[in-house]
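Structure data (mmCIF, C-alpha atoms and all ligand atoms) from model-v7.cif:
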data_entry
loop_
_atom_site.label_atom_id
_atom_site.label_comp_id
_atom_site.auth_asym_id
_atom_site.auth_seq_id
_atom_site.Cartn_x
_atom_site.Cartn_y
_atom_site.Cartn_z
CA MET A 1 29.45 174.08 51.92
CA ALA A 2 28.14 177.61 52.52
CA GLU A 3 25.40 178.79 50.14
CA THR A 4 26.63 181.37 47.63
CA ALA A 5 25.20 184.87 47.30
CA ARG A 6 25.80 187.30 44.45
CA ARG A 7 26.22 191.07 44.24
CA LEU A 8 26.93 193.70 41.62
CA VAL A 9 29.49 196.28 42.63
CA LEU A 10 30.45 199.51 40.90
CA ALA A 11 33.70 198.71 39.08
CA SER A 12 34.34 202.07 37.41
CA ARG A 13 32.68 205.43 36.83
CA PRO A 14 31.18 206.18 33.40
CA VAL A 15 32.24 209.36 31.62
CA SER A 16 29.01 209.74 29.65
CA GLU A 17 26.67 206.83 28.86
CA PRO A 18 27.22 203.96 31.33
CA SER A 19 27.84 200.43 30.12
CA PRO A 20 27.48 197.01 31.77
CA GLU A 21 31.29 196.99 32.10
CA ASN A 22 30.97 199.66 34.80
CA PHE A 23 29.72 196.87 37.09
CA ARG A 24 31.32 193.64 38.37
CA LEU A 25 29.44 190.54 39.47
CA GLU A 26 30.89 188.99 42.63
CA GLU A 27 30.05 185.88 44.63
CA PHE A 28 30.23 185.73 48.41
CA PRO A 29 29.05 183.33 51.12
CA VAL A 30 25.48 183.98 52.27
CA PRO A 31 26.03 186.05 55.43
CA VAL A 32 24.84 184.96 58.86
CA PRO A 33 22.87 187.45 61.01
CA ALA A 34 24.25 188.45 64.41
CA ASP A 35 22.06 189.27 67.41
CA GLY A 36 19.52 191.94 66.49
CA GLU A 37 19.99 191.32 62.76
CA ILE A 38 18.03 189.63 59.99
CA LEU A 39 19.07 187.94 56.75
CA LEU A 40 17.15 189.07 53.68
CA ARG A 41 16.74 187.34 50.33
CA THR A 42 16.09 189.85 47.52
CA ILE A 43 12.99 189.22 45.41
CA TYR A 44 12.69 192.46 43.40
CA LEU A 45 15.27 195.14 42.70
CA SER A 46 14.08 198.51 41.42
CA LEU A 47 15.97 200.18 38.57
CA ASP A 48 15.69 203.97 38.69
CA PRO A 49 17.22 206.93 36.85
CA TYR A 50 18.83 208.33 40.04
CA MET A 51 21.24 205.38 39.94
CA ARG A 52 23.12 207.10 37.11
CA GLY A 53 23.87 209.92 39.57
CA ARG A 54 25.18 207.49 42.19
CA MET A 55 27.66 206.12 39.61
CA SER A 56 29.24 209.56 39.29
CA ASP A 57 31.31 211.43 41.87
CA ALA A 58 30.16 214.83 40.59
CA PRO A 59 28.63 216.96 43.37
CA SER A 60 25.00 215.98 44.00
CA TYR A 61 22.33 215.84 46.70
CA ALA A 62 23.43 212.29 47.62
CA ALA A 63 26.81 210.65 48.06
CA PRO A 64 28.11 208.50 45.19
CA VAL A 65 28.49 204.74 45.44
CA ALA A 66 32.19 204.05 46.10
CA ILE A 67 34.18 201.98 43.63
CA GLY A 68 33.96 198.36 44.75
CA GLN A 69 30.81 199.01 46.79
CA VAL A 70 27.48 197.24 46.16
CA MET A 71 25.34 199.33 43.84
CA GLU A 72 22.55 201.13 45.65
CA GLY A 73 18.92 200.21 44.98
CA GLY A 74 15.46 199.78 46.43
CA THR A 75 14.41 196.19 47.05
CA VAL A 76 11.57 193.97 48.11
CA SER A 77 12.92 191.06 50.12
CA GLU A 78 11.93 188.12 52.27
CA VAL A 79 13.28 187.55 55.75
CA VAL A 80 15.00 184.14 55.69
CA ALA A 81 16.58 184.16 59.15
CA SER A 82 16.00 186.44 62.08
CA LYS A 83 17.73 187.27 65.34
CA ASN A 84 15.55 190.37 65.69
CA PRO A 85 12.29 189.99 67.63
CA ASP A 86 10.48 192.40 65.28
CA TYR A 87 10.91 190.14 62.24
CA LYS A 88 10.23 186.48 61.51
CA PRO A 89 11.18 184.26 58.58
CA GLY A 90 8.70 184.74 55.74
CA ASP A 91 8.10 188.46 56.42
CA LYS A 92 8.25 190.57 53.26
CA VAL A 93 9.94 193.96 53.53
CA LEU A 94 10.72 197.04 51.49
CA GLY A 95 14.29 198.25 51.90
CA GLN A 96 17.31 199.78 50.23
CA THR A 97 19.60 196.75 50.26
CA GLY A 98 21.06 197.24 46.78
CA TRP A 99 22.05 195.09 43.84
CA GLN A 100 22.58 191.80 45.64
CA SER A 101 20.82 188.51 46.23
CA HIS A 102 21.15 188.57 50.04
CA ALA A 103 21.71 191.25 52.66
CA ILE A 104 22.01 191.64 56.40
CA SER A 105 19.88 194.30 58.06
CA SER A 106 19.30 195.60 61.57
CA GLY A 107 15.69 196.20 60.54
CA LYS A 108 16.19 199.97 60.58
CA GLY A 109 14.59 201.68 57.60
CA LEU A 110 12.64 198.60 56.50
CA ARG A 111 8.88 198.66 55.95
CA LYS A 112 6.88 195.44 56.29
CA LEU A 113 4.67 194.63 53.31
CA ASP A 114 1.34 192.85 53.26
CA PRO A 115 1.34 190.53 50.21
CA ALA A 116 -2.46 190.33 50.40
CA ALA A 117 -2.86 194.12 50.07
CA ALA A 118 -1.10 194.58 46.71
CA PRO A 119 1.45 192.79 44.52
CA LEU A 120 4.80 193.01 46.33
CA SER A 121 6.53 194.71 43.41
CA TYR A 122 4.14 197.69 43.59
CA ALA A 123 6.00 198.86 46.71
CA LEU A 124 8.89 199.82 44.41
CA GLY A 125 6.64 201.65 41.95
CA ILE A 126 3.18 203.07 42.10
CA LEU A 127 2.82 202.42 45.85
CA GLY A 128 6.38 203.46 46.64
CA MET A 129 9.05 205.98 45.78
CA PRO A 130 7.96 206.78 42.18
CA GLY A 131 4.29 206.98 43.16
CA MET A 132 5.10 209.33 46.03
CA THR A 133 7.20 211.44 43.68
CA ALA A 134 4.25 211.90 41.36
CA TYR A 135 1.79 212.50 44.17
CA PHE A 136 3.75 215.09 46.15
CA GLY A 137 5.23 216.82 43.10
CA LEU A 138 1.65 217.49 42.03
CA ALA A 139 0.20 218.19 45.46
CA GLU A 140 2.92 220.58 46.57
CA ILE A 141 4.10 222.26 43.36
CA GLY A 142 2.10 221.40 40.25
CA LYS A 143 -1.34 221.86 41.83
CA PRO A 144 -3.32 221.20 38.66
CA LYS A 145 -6.82 222.67 38.63
CA ALA A 146 -9.83 221.44 36.71
CA GLY A 147 -9.66 222.58 33.10
CA GLU A 148 -5.95 223.41 33.16
CA THR A 149 -3.50 221.76 30.76
CA LEU A 150 -0.83 219.57 32.35
CA VAL A 151 2.05 218.19 30.30
CA VAL A 152 4.27 215.36 31.50
CA ALA A 153 7.18 213.72 29.71
CA ALA A 154 8.39 210.14 30.19
CA ALA A 155 4.62 209.76 30.25
CA THR A 156 4.37 205.98 30.39
CA GLY A 157 7.14 205.58 32.97
CA ALA A 158 6.98 204.98 36.69
CA VAL A 159 6.51 208.63 37.68
CA GLY A 160 4.94 210.11 34.54
CA SER A 161 2.14 207.57 34.23
CA VAL A 162 1.01 208.33 37.79
CA VAL A 163 1.37 212.10 37.34
CA GLY A 164 -0.91 212.09 34.31
CA GLN A 165 -3.53 209.84 35.84
CA ILE A 166 -3.73 211.81 39.11
CA ALA A 167 -3.97 215.04 37.13
CA LYS A 168 -6.91 213.51 35.22
CA ILE A 169 -8.56 212.65 38.55
CA ARG A 170 -8.06 216.30 39.55
CA GLY A 171 -9.86 217.38 36.37
CA ALA A 172 -6.96 218.62 34.26
CA ARG A 173 -6.49 218.10 30.54
CA VAL A 174 -3.42 215.87 30.26
CA VAL A 175 -0.92 215.78 27.43
CA GLY A 176 1.85 213.19 27.60
CA ILE A 177 5.19 213.22 25.85
CA ALA A 178 6.68 209.78 25.21
CA GLY A 179 9.21 208.04 22.99
CA GLY A 180 7.49 206.27 20.11
CA GLU A 181 4.03 205.48 18.79
CA LYS A 182 3.45 202.45 21.02
CA LYS A 183 4.02 204.38 24.22
CA CYS A 184 1.87 207.28 22.99
CA ALA A 185 -0.99 204.94 22.05
CA PHE A 186 -0.77 203.32 25.50
CA ALA A 187 -0.85 206.71 27.25
CA LYS A 188 -4.13 207.53 25.54
CA SER A 189 -5.91 204.17 25.44
CA GLU A 190 -4.80 202.71 28.79
CA LEU A 191 -3.81 205.66 30.96
CA GLY A 192 -6.61 207.90 29.68
CA PHE A 193 -4.46 210.89 28.68
CA ASP A 194 -6.16 213.35 26.32
CA GLU A 195 -3.17 213.54 23.97
CA CYS A 196 0.33 212.13 23.73
CA VAL A 197 3.10 213.39 21.50
CA ASP A 198 6.20 211.47 20.38
CA HIS A 199 9.34 213.46 21.22
CA ARG A 200 11.27 211.45 18.64
CA ALA A 201 9.02 212.66 15.77
CA ALA A 202 10.64 215.16 13.40
CA ASP A 203 7.75 217.61 13.88
CA PHE A 204 7.55 217.18 17.68
CA PRO A 205 7.41 220.97 18.38
CA THR A 206 4.53 221.43 15.94
CA GLN A 207 2.67 218.43 17.35
CA LEU A 208 3.09 219.60 20.95
CA THR A 209 1.90 223.12 20.10
CA ALA A 210 -1.19 221.65 18.40
CA ALA A 211 -1.86 219.40 21.40
CA CYS A 212 -1.80 222.40 23.77
CA PRO A 213 -4.02 225.04 22.13
CA SER A 214 -4.43 226.89 25.44
CA GLY A 215 -0.76 226.64 26.39
CA ILE A 216 0.62 224.73 29.40
CA ASP A 217 -0.36 225.47 33.01
CA VAL A 218 1.64 222.69 34.66
CA TYR A 219 4.70 221.05 33.18
CA PHE A 220 5.92 218.14 35.32
CA GLU A 221 9.60 218.07 34.39
CA ASN A 222 11.01 214.55 34.15
CA VAL A 223 13.28 214.91 31.16
CA GLY A 224 14.96 218.29 30.57
CA GLY A 225 17.20 218.76 27.52
CA ARG A 226 15.55 219.26 24.17
CA VAL A 227 12.06 218.40 25.41
CA PHE A 228 12.18 221.29 27.85
CA GLU A 229 13.35 223.64 25.11
CA VAL A 230 10.19 222.77 23.16
CA VAL A 231 7.93 223.02 26.20
CA ALA A 232 9.26 226.31 27.62
CA PRO A 233 7.75 228.69 25.03
CA LEU A 234 4.31 227.12 25.57
CA LEU A 235 4.23 227.80 29.34
CA ASN A 236 1.40 230.11 30.39
CA THR A 237 1.64 232.98 32.81
CA TYR A 238 1.74 231.57 36.35
CA ALA A 239 2.57 228.10 35.04
CA ARG A 240 4.04 225.73 37.62
CA VAL A 241 6.97 223.47 36.84
CA PRO A 242 7.76 220.78 39.42
CA VAL A 243 11.36 220.02 38.51
CA CYS A 244 11.46 216.32 39.24
CA GLY A 245 14.21 215.06 36.96
CA VAL A 246 16.21 215.78 33.82
CA ILE A 247 16.96 212.27 32.59
CA ALA A 248 17.94 213.49 29.11
CA GLN A 249 20.89 215.24 30.74
CA TYR A 250 22.10 212.51 33.12
CA ASN A 251 24.57 210.97 30.68
CA ALA A 252 26.13 214.28 29.68
CA ALA A 253 29.84 214.38 30.45
CA VAL A 254 30.42 216.53 33.53
CA GLY A 255 31.47 220.07 32.65
CA VAL A 256 30.17 219.91 29.06
CA GLN A 257 27.44 222.48 28.45
CA ASP A 258 25.55 223.68 25.43
CA ALA A 259 23.01 225.73 27.30
CA ASN A 260 22.45 228.82 25.17
CA TRP A 261 18.74 228.62 25.88
CA VAL A 262 19.19 229.17 29.61
CA PRO A 263 19.16 232.98 29.40
CA THR A 264 15.91 232.83 27.43
CA LEU A 265 14.45 230.53 30.02
CA MET A 266 15.46 232.79 32.87
CA ARG A 267 13.84 235.74 31.10
CA SER A 268 10.53 233.87 30.92
CA VAL A 269 10.83 232.82 34.58
CA LEU A 270 10.89 236.54 35.39
CA SER A 271 8.41 237.89 32.88
CA LYS A 272 5.88 235.08 33.29
CA ARG A 273 6.39 234.75 37.08
CA LEU A 274 6.98 231.02 36.60
CA THR A 275 7.48 228.81 39.59
CA LEU A 276 10.18 226.25 38.97
CA ARG A 277 10.70 224.30 42.15
CA GLY A 278 12.93 221.33 42.49
CA PHE A 279 12.17 218.61 45.01
CA ILE A 280 13.49 215.28 46.25
CA VAL A 281 10.96 212.61 47.15
CA SER A 282 12.64 211.73 50.45
CA ASP A 283 11.54 215.17 51.76
CA PHE A 284 8.04 213.67 51.76
CA TYR A 285 8.73 210.20 53.19
CA PRO A 286 7.29 211.20 56.60
CA ARG A 287 3.98 211.83 54.79
CA TYR A 288 3.62 208.29 53.42
CA SER A 289 0.23 207.75 55.08
CA GLU A 290 -1.19 210.85 53.36
CA PHE A 291 -0.11 209.43 50.00
CA ALA A 292 -1.35 205.93 50.81
CA SER A 293 -4.74 207.20 51.97
CA GLU A 294 -5.58 208.26 48.40
CA VAL A 295 -3.38 206.21 46.09
CA VAL A 296 -3.89 202.71 47.57
CA GLY A 297 -7.63 203.02 47.00
CA TRP A 298 -7.19 204.26 43.44
CA VAL A 299 -4.91 201.32 42.63
CA LYS A 300 -7.26 198.76 44.22
CA SER A 301 -10.30 200.12 42.39
CA GLY A 302 -8.44 200.15 39.07
CA LYS A 303 -8.77 203.92 38.78
CA LEU A 304 -4.98 204.09 38.45
CA LYS A 305 -3.48 201.78 35.82
CA TYR A 306 0.05 200.51 36.27
CA ARG A 307 2.46 198.81 33.90
CA GLU A 308 5.65 197.02 34.91
CA ASP A 309 8.67 196.09 32.80
CA ILE A 310 10.34 193.19 34.62
CA LEU A 311 13.74 191.68 33.71
CA ASP A 312 14.82 188.35 35.15
CA GLY A 313 18.02 187.65 37.09
CA LEU A 314 20.40 189.91 39.01
CA GLU A 315 22.84 189.81 36.10
CA SER A 316 20.31 191.68 33.91
CA ALA A 317 20.48 194.80 36.14
CA PRO A 318 23.42 196.56 34.40
CA ARG A 319 21.93 196.37 30.90
CA GLY A 320 18.53 197.13 32.42
CA LEU A 321 19.80 200.42 33.83
CA VAL A 322 21.65 201.36 30.64
CA GLY A 323 18.45 200.67 28.68
CA LEU A 324 16.31 202.70 31.08
CA LEU A 325 18.48 205.73 30.38
CA ARG A 326 17.87 205.17 26.65
CA GLY A 327 14.09 204.84 27.01
CA GLU A 328 14.03 201.10 26.32
CA ASN A 329 11.76 200.42 29.30
CA PHE A 330 7.99 200.41 28.81
CA GLY A 331 6.61 200.94 32.31
CA LYS A 332 8.28 200.73 35.72
CA ARG A 333 11.52 198.79 35.30
CA LEU A 334 12.37 196.11 37.87
CA VAL A 335 14.58 193.06 38.16
CA ARG A 336 13.13 189.82 39.51
CA VAL A 337 16.20 188.62 41.42
CA ALA A 338 14.48 185.49 42.75
CA PRO A 339 10.97 184.04 42.71
CA GLU A 340 8.49 185.28 45.30
P1 LIG B 401 10.80 206.08 33.71
O1 LIG B 401 10.12 204.84 34.13
O2 LIG B 401 9.97 207.20 33.15
O3 LIG B 401 11.94 205.70 32.68
C1 LIG B 401 12.76 206.68 32.12
C2 LIG B 401 12.14 207.25 30.82
O4 LIG B 401 12.74 208.49 30.53
C3 LIG B 401 12.42 206.41 29.60
O5 LIG B 401 11.57 205.31 29.45
C4 LIG B 401 12.21 207.43 28.49
O6 LIG B 401 10.83 207.50 28.17
C5 LIG B 401 12.61 208.74 29.16
N1 LIG B 401 13.88 209.21 28.58
C6 LIG B 401 15.09 208.66 28.75
N2 LIG B 401 16.02 209.36 28.06
C7 LIG B 401 15.36 210.38 27.47
C8 LIG B 401 15.76 211.46 26.63
N3 LIG B 401 17.03 211.62 26.25
N4 LIG B 401 14.82 212.33 26.21
C9 LIG B 401 13.52 212.18 26.59
N5 LIG B 401 13.09 211.17 27.37
C10 LIG B 401 14.01 210.29 27.81
O7 LIG B 401 11.63 206.68 34.93
P2 LIG B 401 11.05 207.23 36.30
O8 LIG B 401 9.59 207.43 36.16
O9 LIG B 401 11.56 206.40 37.39
O10 LIG B 401 11.75 208.67 36.41
C11 LIG B 401 11.30 209.77 35.63
C12 LIG B 401 12.07 211.02 36.06
O11 LIG B 401 11.76 211.30 37.42
C13 LIG B 401 13.58 210.86 35.99
O12 LIG B 401 14.13 212.08 35.54
C14 LIG B 401 13.98 210.63 37.43
O13 LIG B 401 15.30 211.02 37.71
C15 LIG B 401 12.96 211.50 38.15
N6 LIG B 401 12.72 211.14 39.57
C16 LIG B 401 12.92 212.12 40.50
C17 LIG B 401 12.67 211.89 41.82
C18 LIG B 401 12.83 213.00 42.79
O14 LIG B 401 12.82 212.75 44.00
N7 LIG B 401 12.98 214.25 42.34
C19 LIG B 401 12.25 210.57 42.30
C20 LIG B 401 11.99 209.60 41.21
C21 LIG B 401 12.25 209.90 39.89
P3 LIG B 401 10.34 207.79 26.67
O15 LIG B 401 10.82 206.65 25.84
O16 LIG B 401 8.87 207.86 26.79
O17 LIG B 401 10.98 209.09 26.28
#
As a first step, turn the structure in this file into structure tokens.
Ligand code: NDP
Amino acid sequence: MAETARRLVLASRPVSEPSPENFRLEEFPVPVPADGEILLRTIYLSLDPYMRGRMSDAPSYAAPVAIGQVMEGGTVSEVVASKNPDYKPGDKVLGQTGWQSHAISSGKGLRKLDPAAAPLSYALGILGMPGMTAYFGLAEIGKPKAGETLVVAAATGAVGSVVGQIAKIRGARVVGIAGGEKKCAFAKSELGFDECVDHRAADFPTQLTAACPSGIDVYFENVGGRVFEVVAPLLNTYARVPVCGVIAQYNAAVGVQDANWVPTLMRSVLSKRLTLRGFIVSDFYPRYSEFASEVVGWVKSGKLKYREDILDGLESAPRGLVGLLRGENFGKRLVRVAPE
């Protein structure tokens, strides 16, 4: 009897907050590679905020996942069968094979991983897409200088934790914003941030103002929504705002707006000559070696700390994504689909 594989497909589109019922678990026979192809067994699946966007068919920079299609996602996999001379069984690869236990690939777009160089899962986090996001958002837009104040929200997450630590290496004073006392304590004691403020605290605006006595020179925007409303008045003249993500706004029903603060913001963009520049990490994929030349060494030497939040089993992916959008993750969220 053929071995059974499993996949999670998008069953319906959420209107606001997604739920596990938006996905459907399906079984299918483990596919057989044709000439030139390889069969992959998924080990780790990355869960990332952008996945909320792929569940929606609202206009965006990337096409939505179709109803009935396997949910998109970054993966670390092992080659289990190969009819492609470039790959052999046992090779470990980084790919974008989605929420499924097995996948067929032509090899295009895969990157081979060296398990001796770093834990395999790091390729989906600090040494992969989120790490590159932090690195290039800072290098190209944020450009923190020694002595400047940098603020980053979602501070203990995959992107934010790296942003703050690199900014510290560059000599900036770093203030994190995170959800809850535990995350804030971690940002200071483990990640080495100078301050961290809880955005859920009733006096969050007062606390953030006190934590930034010289204002904010770089605000790495991961969150948007209310957090940005509190940050905006503290931005200094010539402040830089890499607009990386607005996770607090991802679950908003399309077309619903309560954005009375936008005109105020636009006035400060003009009067303070602010630079708000959006970016998408894939713009920088061709510059992977530049990123790796600095970050791999920092990770190996322990200069950069990294925390993972790993769920077990493919079936945990839907609630894992819903929880990520609520801030339930503590560190880079992944699913261990199968043992290494
Ligand atoms: P994280 O690991 O930081 O996890 C998401 C975190 O966001 C949660 O843990 C929570 O942290 C915070 N959060 C969720 N909802 C809210 C809310 N309503 N208000 C405030 N904070 C909230 O995710 P990533 O590091 O992977 O992603 C961070 C941001 O970067 C996202 O906006 C994402 O879309 C963006 N991104 C953009 C890329 C690009 O190419 N532009 C590439 C990769 C990521 P807490 O509990 O601390 O508030």
At a cut-off of 6 Å and counting only C-alpha atoms and all ligand atoms, what residues surround ligand LIG 401 (chain B)? Please answer as a VMD selection string. chain A and resid 48 to 50 130 133 154 to 155 157 to 160 178 to 179 222 to 223 244 to 248 279 to 281 324 to 329 331 to 332
Find the residues around range 92-96 of chain A up to 6 Å (all atoms listed in the file counted), leave out those fewer than 5 positions away in its own chain, and share them as a PyMOL selection string. chain A and resi 73-78+110-113
For a quick check of understanding, using all atoms listed in the file, which of A:Gly36, A:Pro59, A:Gly128, A:Pro339 has the smallest distance to Tyr285 in chain A?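 Counting all atoms listed in the file, the residue closest to Tyr285 in chain A is A:Gly128.
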Quick one: contact table of range 93-211 of chain A to range 300-303 of chain A, 10 Å max, nearest atom pair and distance in Å to one decimal per residue, counting all atoms listed in the file, chain and number order, as a Markdown table?
| residue | atom | partner | partner_atom | distance |
| --- | --- | --- | --- | --- |
| A:Ala117 | CA | A:Lys300 | CA | 8.7 |
| A:Ala118 | CA | A:Lys300 | CA | 7.8 |
| A:Gln165 | CA | A:Lys303 | CA | 8.4 |
| A:Ile166 | CA | A:Lys303 | CA | 9.4 |
| A:Ile169 | CA | A:Lys303 | CA | 8.7 |
| A:Leu191 | CA | A:Lys303 | CA | 9.4 |
Counting all atoms listed in the file, I want the residues whose atoms come within 12 Å of (5.9, 219.5, 18.1) in the file frame, returned as number ranges by chain. A: 177, 196-212, 226-231, 233-234
Using Å and a single decimal, report how far CA of Glu181 in chain A sits from CA of Ala232 in chain A. 23.2 Å
Closest of A:Thr156, A:Ser161, A:Ser82, A:Thr275 to Asp35 in chain A, counting all atoms listed in the file, is A:Ser82
Would you list the residues near (8.6, 220.9, 37.1) (no more than 10 Å away, in the coordinates of the file, using all atoms listed in the file) as JSON, numbers by chain? {"A": [137, 138, 141, 142, 151, 152, 218, 219, 220, 221, 222, 223, 224, 228, 239, 240, 241, 242, 243, 244, 245, 246, 275, 276, 277, 278, 279]}
Closest of A:Ala58, A:Met132, A:Pro31, A:Lys88 to Ser282 in chain A, counting only C-alpha atoms, is A:Met132
Straight-line distance linking CA of Arg307 in chain A with CA of Gly180 in chain A, stated in Å to one decimal: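 Spanning CA of Arg307 in chain A to CA of Gly180 in chain A is a straight-line distance of 16.5 Å.
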Among listed residues A:Phe23, A:Ala153, A:Val163, A:Ser189, nearest Gly176 in chain A (using all atoms listed in the file): A:Ala153
Provide the CA of Val65 in chain A to CA of Tyr87 in chain A distance in Å, to one decimal place.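 Rounded to one decimal, the two atoms are 28.4 Å apart.
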For each of A:Ser214, A:Ser106, A:Ser60, A:Ser121, take the minimum atom-to-atom distance to Tyr306 in chain A, counting only C-alpha atoms, then give the residue where this is smallest. A:Ser121
What lies within 12 Å of Leu45 in chain A using only C-alpha atoms, ignoring chain neighbours under 3 positions off, as a compact mmCIF listing (two decimals) with C-alpha atoms, in the frame of the given file?
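Just written: around_17.txt:
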# COMPACT_ATOMS: atom_id res chain seq x y z
CA ARG A 7 26.22 191.07 44.24
CA LEU A 8 26.93 193.70 41.62
CA ARG A 41 16.74 187.34 50.33
CA THR A 42 16.09 189.85 47.52
CA ASP A 48 15.69 203.97 38.69
CA MET A 71 25.34 199.33 43.84
CA GLU A 72 22.55 201.13 45.65
CA GLY A 73 18.92 200.21 44.98
CA GLY A 74 15.46 199.78 46.43
CA THR A 75 14.41 196.19 47.05
CA VAL A 76 11.57 193.97 48.11
CA SER A 77 12.92 191.06 50.12
CA LEU A 94 10.72 197.04 51.49
CA GLY A 95 14.29 198.25 51.90
CA GLN A 96 17.31 199.78 50.23
CA THR A 97 19.60 196.75 50.26
CA GLY A 98 21.06 197.24 46.78
CA TRP A 99 22.05 195.09 43.84
CA GLN A 100 22.58 191.80 45.64
CA SER A 101 20.82 188.51 46.23
CA HIS A 102 21.15 188.57 50.04
CA LEU A 120 4.80 193.01 46.33
CA SER A 121 6.53 194.71 43.41
CA TYR A 122 4.14 197.69 43.59
CA ALA A 123 6.00 198.86 46.71
CA LEU A 124 8.89 199.82 44.41
CA GLY A 125 6.64 201.65 41.95
CA ASP A 309 8.67 196.09 32.80
CA ILE A 310 10.34 193.19 34.62
CA LEU A 311 13.74 191.68 33.71
CA ASP A 312 14.82 188.35 35.15
CA GLY A 313 18.02 187.65 37.09
CA LEU A 314 20.40 189.91 39.01
CA GLU A 315 22.84 189.81 36.10
CA SER A 316 20.31 191.68 33.91
CA ALA A 317 20.48 194.80 36.14
CA PRO A 318 23.42 196.56 34.40
CA GLY A 320 18.53 197.13 32.42
CA LEU A 321 19.80 200.42 33.83
CA LYS A 332 8.28 200.73 35.72
CA ARG A 333 11.52 198.79 35.30
CA LEU A 334 12.37 196.11 37.87
CA VAL A 335 14.58 193.06 38.16
CA ARG A 336 13.13 189.82 39.51
CA VAL A 337 16.20 188.62 41.42
CA ALA A 338 14.48 185.49 42.75
CA PRO A 339 10.97 184.04 42.71
Nearest to Tyr135 in chain A by atom-to-atom distance, counting all atoms listed in the file, from A:Gly53, A:Val162, A:Arg173, A:Val70: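 For Tyr135 in chain A, the nearest of the candidates is A:Val162.
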